[in-house]
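All remarks here apply to the structure that follows.
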Amino acid sequence: MTILARFLVEREGFSLDVDLKFPARGLTALVGPSGCGKTTLLRAIAGLERFESGFLQVGNLLWQDRDSFVPAHKRSIGYVFQEPRLFPHLSVRRNVEYGLRRRRADRQTLHQAVELLQIGHLLDRSIAGLSGGEQQRVGIARALAARPTMLLMDEPLAALDMAHKQEIIPYLQSLHRQLEIPVLYVSHSADEVMRLADHLLILDEGRLQANGPMQELSHLLYPSSGGYRNVFPVHVLHSSEPGLCLFSSAAGIFTLPHQGLAEGRELRLQVLARDVLLCFQKPGEGSVLNAFPARVVELRPSLPGLCLICLQVGDLSLYSEVAEKVSVGLQFGSELYVQINHVEIVG
């Protein structure tokens with residue numbers, strides 16, 4: 001299923017004109033410079049503002065068109081802000097239960113939210129005694145307790161210091177893997193988005209600049225650094241020998257120098273396109289850790305003197321950025337091998 005959203009907003013000194021289609025599952029990151037319209041778009045989707053020229057359909061639910069408008073309190077949406085906006089006079093338990101009452105959800109939903117955010121030991125605590133990261137986890141649990149059809153998150157880590165961001169990111173990773181609802185996540189942090197997002201929407205000056213899977217658009221998160229980045233999920237298999245760990249991916253098995261990772265844990269790997277080397281002969285057994293057969297899918301110019309090559313490696317698409325002279329003779333369907341020189345675990 002998909003989410004369709006079209007909005008035209010005209011204000012003095014600002015306009016928003018977007019026509020969006022993105023998945024109704026997983027985490028879609030909405031990124032762009034300050035003032036580009038991210039929060040305005042979120043408020044339109046939440047129904048907090050009504051714009052006459054608007055259309056919104058979430059799966060089979062029509063929330064706005066020319067003739068109808070479902071108000072915010074009747075939309076099954078969870079909203080998480082920069083600040084958790086908790087009730088200071090209520091305990092953690094009663095704050096989370098507020099979300100339960102608001103949507104008349106059952107208590108099983110509350111228990112699931114508490115377990116997902118691992119706040120069971122905090123339920124009888126006062127809000128004043130919580131850290132910033134704990135407060136935000138409570139705020140997210142309250143939003144989920146209402147059993148929303150969609151979760152909107154407006155820079156939920158922006159008010160936290162680095163230590164508390166690192167505390168809460170694992171919970172967000174778990175959240176988006178386990179939830180079956182779509183999450184629309186606004187952030188200014190490229191690293192944060194790289195670790196969390198499945199899909200990207202990039203806004204600038206009220207206009208959509210890019211819309212697509214994270215794997216295809218991740219390079220746009222770092223425009224000043226140049227070069228493409230490959231980001232893809234893996235699962236920890238086990239340690240093959242001391243200091244080495246095996247990871248399963250759609251491309252095959254990666255072997256990386258690492259230890260202490262729990263078997264079955266889901267992570268993401270990042271490989272710069274310039275670190276995907278082309279080999280026209282099969283590498284010798286044991287000569288490199290990560291080498292895979294590949295097929296050329298697309299070639300196109302990149303930076304001056306460079307060629308960007310899209311490769312099919314198993315069931316994974318990988319980009320390689322090489323000197324133009326290296327790409328001479330390659331064409332659609334050419335078969336070769338890739339050698340991955342440097343891999344980074346990003347979350």
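In the structure tokens, each chain is lettered A, B, ... as it comes, each chain's residues begin at 1, and ligands are numbered from 1 in order of appearance.
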Practice task
Quick one: everything within 9 Å of region 177-193 of chain A, counting only C-alpha atoms, minus sequence neighbours fewer than 4 positions away in the same chain. Send it as a PyMOL selection string.
Solution key: chain A and resi 3+23-34+38-39+42+116+148-158+169+172-173+197-198+200+218+221-222+346
Please provide as a CSV table (one decimal) with N, CA and C atoms, in the first residue's frame all residues within 9 Å of region 74-86 of chain A, with the sequence filter that same-chain residues fewer than 2 positions apart are discarded (counting only C-alpha atoms).
```csv
chain,number,residue,atom,x,y,z
A,46,ALA,N,-1.3,15.6,9.4
A,46,ALA,CA,-1.9,15.3,10.7
A,46,ALA,C,-3.3,15.9,10.7
A,47,GLY,N,-3.7,16.9,9.8
A,47,GLY,CA,-5.0,17.5,9.9
A,47,GLY,C,-5.0,18.7,10.8
A,63,TRP,N,-8.4,10.8,3.7
A,63,TRP,CA,-8.5,11.8,4.8
A,63,TRP,C,-8.8,13.2,4.3
A,70,VAL,N,-11.2,15.0,7.0
A,70,VAL,CA,-11.3,14.4,8.2
A,70,VAL,C,-10.4,15.2,9.2
A,71,PRO,N,-11.0,15.7,10.3
A,71,PRO,CA,-10.3,16.6,11.2
A,71,PRO,C,-9.3,15.8,12.0
A,72,ALA,N,-8.3,16.5,12.6
A,72,ALA,CA,-7.2,15.8,13.3
A,72,ALA,C,-7.6,14.8,14.3
A,88,PRO,N,3.6,16.9,33.4
A,88,PRO,CA,4.5,16.8,34.5
A,88,PRO,C,3.9,16.4,35.8
A,89,HIS,N,2.5,16.6,36.0
A,89,HIS,CA,1.9,16.2,37.2
A,89,HIS,C,1.4,14.8,37.2
A,90,LEU,N,1.6,14.1,36.1
A,90,LEU,CA,1.2,12.7,36.0
A,90,LEU,C,2.4,11.8,36.0
A,92,VAL,N,4.6,8.3,34.8
A,92,VAL,CA,4.9,7.8,33.4
A,92,VAL,C,3.7,6.9,33.0
A,95,ASN,N,0.8,9.0,32.0
A,95,ASN,CA,1.0,9.7,30.7
A,95,ASN,C,0.8,8.8,29.5
A,103,ARG,N,-7.8,7.3,22.2
A,103,ARG,CA,-8.2,6.6,21.0
A,103,ARG,C,-9.1,5.4,21.4
A,127,ILE,N,7.7,12.3,36.0
A,127,ILE,CA,8.4,12.8,34.7
A,127,ILE,C,9.6,13.6,35.1
A,132,GLY,N,16.4,13.1,29.4
A,132,GLY,CA,15.8,13.5,28.2
A,132,GLY,C,15.4,12.4,27.3
A,135,GLN,N,12.4,10.5,28.7
A,135,GLN,CA,11.1,11.3,28.4
A,135,GLN,C,10.7,11.1,27.0
A,136,GLN,N,11.6,11.1,26.1
A,136,GLN,CA,11.2,11.0,24.7
A,136,GLN,C,10.7,9.6,24.4
A,137,ARG,N,11.3,8.6,25.1
A,137,ARG,CA,10.7,7.2,24.9
A,137,ARG,C,9.3,7.1,25.5
A,138,VAL,N,9.0,7.8,26.6
A,138,VAL,CA,7.7,7.8,27.1
A,138,VAL,C,6.7,8.5,26.1
A,139,GLY,N,7.2,9.6,25.5
A,139,GLY,CA,6.4,10.3,24.6
A,139,GLY,C,6.0,9.4,23.3
A,140,ILE,N,7.0,8.7,22.9
A,140,ILE,CA,6.8,7.8,21.8
A,140,ILE,C,5.8,6.7,22.2
A,142,ARG,N,3.5,6.8,24.4
A,142,ARG,CA,2.1,7.4,24.5
A,142,ARG,C,1.5,7.5,23.1
A,143,ALA,N,2.3,7.9,22.1
A,143,ALA,CA,1.7,8.0,20.8
A,143,ALA,C,1.3,6.6,20.2
A,144,LEU,N,2.1,5.6,20.5
A,144,LEU,CA,1.9,4.2,20.0
A,144,LEU,C,0.7,3.6,20.8
A,145,ALA,N,0.5,4.0,22.1
A,145,ALA,CA,-0.6,3.4,22.8
A,145,ALA,C,-2.0,3.6,22.2
A,146,ALA,N,-2.1,4.7,21.4
A,146,ALA,CA,-3.3,5.0,20.8
A,146,ALA,C,-3.6,4.2,19.5
A,147,ARG,N,-2.6,3.2,19.2
A,147,ARG,CA,-2.7,2.3,18.1
A,147,ARG,C,-3.0,3.1,16.8
A,148,PRO,N,-2.1,4.0,16.4
A,148,PRO,CA,-2.3,4.8,15.2
A,148,PRO,C,-2.1,4.1,13.9
A,149,THR,N,-2.7,4.6,12.9
A,149,THR,CA,-2.5,4.1,11.6
A,149,THR,C,-1.2,4.6,11.0
A,150,MET,N,-0.7,5.7,11.5
A,150,MET,CA,0.5,6.4,11.0
A,150,MET,C,1.1,7.1,12.1
A,151,LEU,N,2.5,7.1,12.1
A,151,LEU,CA,3.2,7.8,13.1
A,151,LEU,C,4.0,8.9,12.5
A,152,LEU,N,3.8,10.2,13.0
A,152,LEU,CA,4.6,11.3,12.5
A,152,LEU,C,5.6,11.7,13.6
A,153,MET,N,6.9,11.9,13.2
A,153,MET,CA,7.9,12.3,14.2
A,153,MET,C,8.6,13.5,13.6
A,154,ASP,N,8.5,14.6,14.4
A,154,ASP,CA,9.1,15.9,13.9
A,154,ASP,C,10.3,16.2,14.7
A,155,GLU,N,11.5,15.7,14.2
A,155,GLU,CA,12.8,15.9,14.8
A,155,GLU,C,12.8,15.5,16.2
A,156,PRO,N,12.5,14.2,16.5
A,156,PRO,CA,12.3,13.8,17.9
A,156,PRO,C,13.6,13.7,18.7
A,157,LEU,N,14.8,13.8,18.0
A,157,LEU,CA,16.1,13.8,18.7
A,157,LEU,C,16.7,15.2,18.8
A,158,ALA,N,16.1,16.2,18.2
A,158,ALA,CA,16.8,17.5,18.0
A,158,ALA,C,17.1,18.1,19.4
A,159,ALA,N,16.2,17.9,20.4
A,159,ALA,CA,16.5,18.6,21.7
A,159,ALA,C,17.4,17.8,22.6
A,160,LEU,N,17.9,16.6,22.2
A,160,LEU,CA,18.7,15.8,23.0
A,160,LEU,C,20.2,16.0,22.7
```
Handout entry: Contacts of region 308-321 of chain A at 10 Å (only C-alpha atoms; same-chain gap of 2+ positions) as a count of residues only
Key = 47
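Nearest to Lys325 (chain A) of all the residues A:Pro170, A:Leu289, A:Leu130, A:Cys307 is A:Cys307, based on only C-alpha atoms.
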Exercise for the section: Can you check which residues of region 84-161 of chain A DSSP gives as alpha helix (DSSP H) on the backbone and send them as a PyMOL selection string? Expected result: chain A and resi 92-103+107-117+132-145
Problem - Atom pair CA of Gly37 (chain A) / CA of Arg6 (chain A): separation (Å) - result: 13.2 Å
Handout entry: Closest of A:Phe7, A:Arg66, A:Lys165, A:Leu20 to Arg43 (chain A) - atom-to-atom distances counting only C-alpha atoms
Key = A:Phe7
As an mmCIF file with N, CA, C and O atoms, in the first residue's frame, which residues of region 104-203 of chain A does DSSP assign to strand (DSSP E)?
```cif
data_model
loop_
_atom_site.group_PDB
_atom_site.id
_atom_site.type_symbol
_atom_site.label_atom_id
_atom_site.label_comp_id
_atom_site.auth_asym_id
_atom_site.auth_seq_id
_atom_site.Cartn_x
_atom_site.Cartn_y
_atom_site.Cartn_z
ATOM 1 N N MET A 150 -0.740 5.733 11.471
ATOM 2 C CA MET A 150 0.476 6.356 10.953
ATOM 3 C C MET A 150 1.139 7.112 12.093
ATOM 4 O O MET A 150 0.463 7.663 12.969
ATOM 5 N N LEU A 151 2.466 7.125 12.093
ATOM 6 C CA LEU A 151 3.219 7.831 13.131
ATOM 7 C C LEU A 151 4.036 8.946 12.482
ATOM 8 O O LEU A 151 4.811 8.701 11.555
ATOM 9 N N LEU A 152 3.837 10.174 12.967
ATOM 10 C CA LEU A 152 4.589 11.329 12.501
ATOM 11 C C LEU A 152 5.592 11.733 13.584
ATOM 12 O O LEU A 152 5.216 11.875 14.750
ATOM 13 N N MET A 153 6.855 11.925 13.187
ATOM 14 C CA MET A 153 7.892 12.277 14.160
ATOM 15 C C MET A 153 8.631 13.507 13.644
ATOM 16 O O MET A 153 9.307 13.455 12.614
ATOM 17 N N ASP A 154 8.476 14.619 14.355
ATOM 18 C CA ASP A 154 9.056 15.896 13.939
ATOM 19 C C ASP A 154 10.335 16.161 14.731
ATOM 20 O O ASP A 154 10.298 16.685 15.836
ATOM 21 N N PRO A 182 3.230 2.983 8.802
ATOM 22 C CA PRO A 182 4.236 3.890 8.243
ATOM 23 C C PRO A 182 4.670 4.941 9.256
ATOM 24 O O PRO A 182 3.861 5.414 10.068
ATOM 25 N N VAL A 183 5.950 5.287 9.214
ATOM 26 C CA VAL A 183 6.502 6.341 10.059
ATOM 27 C C VAL A 183 7.072 7.409 9.141
ATOM 28 O O VAL A 183 7.906 7.116 8.276
ATOM 29 N N LEU A 184 6.610 8.651 9.295
ATOM 30 C CA LEU A 184 7.170 9.783 8.561
ATOM 31 C C LEU A 184 8.016 10.583 9.534
ATOM 32 O O LEU A 184 7.507 11.103 10.531
ATOM 33 N N TYR A 185 9.310 10.674 9.246
ATOM 34 C CA TYR A 185 10.295 11.112 10.228
ATOM 35 C C TYR A 185 11.064 12.316 9.692
ATOM 36 O O TYR A 185 11.764 12.213 8.680
ATOM 37 N N VAL A 186 10.931 13.456 10.358
ATOM 38 C CA VAL A 186 11.635 14.667 9.961
ATOM 39 C C VAL A 186 12.944 14.768 10.730
ATOM 40 O O VAL A 186 12.976 14.568 11.947
ATOM 41 N N HIS A 199 13.170 4.986 3.181
ATOM 42 C CA HIS A 199 12.749 5.761 2.016
ATOM 43 C C HIS A 199 13.054 7.227 2.303
ATOM 44 O O HIS A 199 13.015 7.655 3.460
ATOM 45 N N LEU A 200 13.343 8.007 1.268
ATOM 46 C CA LEU A 200 13.686 9.415 1.448
ATOM 47 C C LEU A 200 12.771 10.321 0.640
ATOM 48 O O LEU A 200 12.457 10.052 -0.527
ATOM 49 N N LEU A 201 12.340 11.409 1.275
ATOM 50 C CA LEU A 201 11.690 12.540 0.608
ATOM 51 C C LEU A 201 12.561 13.757 0.896
ATOM 52 O O LEU A 201 12.799 14.079 2.053
ATOM 53 N N ILE A 202 13.030 14.420 -0.146
ATOM 54 C CA ILE A 202 13.904 15.576 0.038
ATOM 55 C C ILE A 202 13.192 16.823 -0.484
ATOM 56 O O ILE A 202 12.820 16.893 -1.656
ATOM 57 N N LEU A 203 12.984 17.773 0.420
ATOM 58 C CA LEU A 203 12.317 19.031 0.087
ATOM 59 C C LEU A 203 13.325 20.171 0.025
ATOM 60 O O LEU A 203 14.321 20.178 0.760
#
```
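Distance check against Leu41 (chain A) using only C-alpha atoms: of A:Gly284, A:Pro257, A:Gly59, A:Gly206, the minimum falls on A:Gly206.
Each of A:Leu256, A:Cys36, A:Leu100, A:Val58 was compared to Met1 (chain A) using only C-alpha atoms, and A:Val58 turns out to be the nearest.
Take the candidates A:Val288, A:Ala141, A:Val9, A:Ala128 and check each one against Arg93 (chain A) using only C-alpha atoms; the shortest distance goes to A:Ala141.
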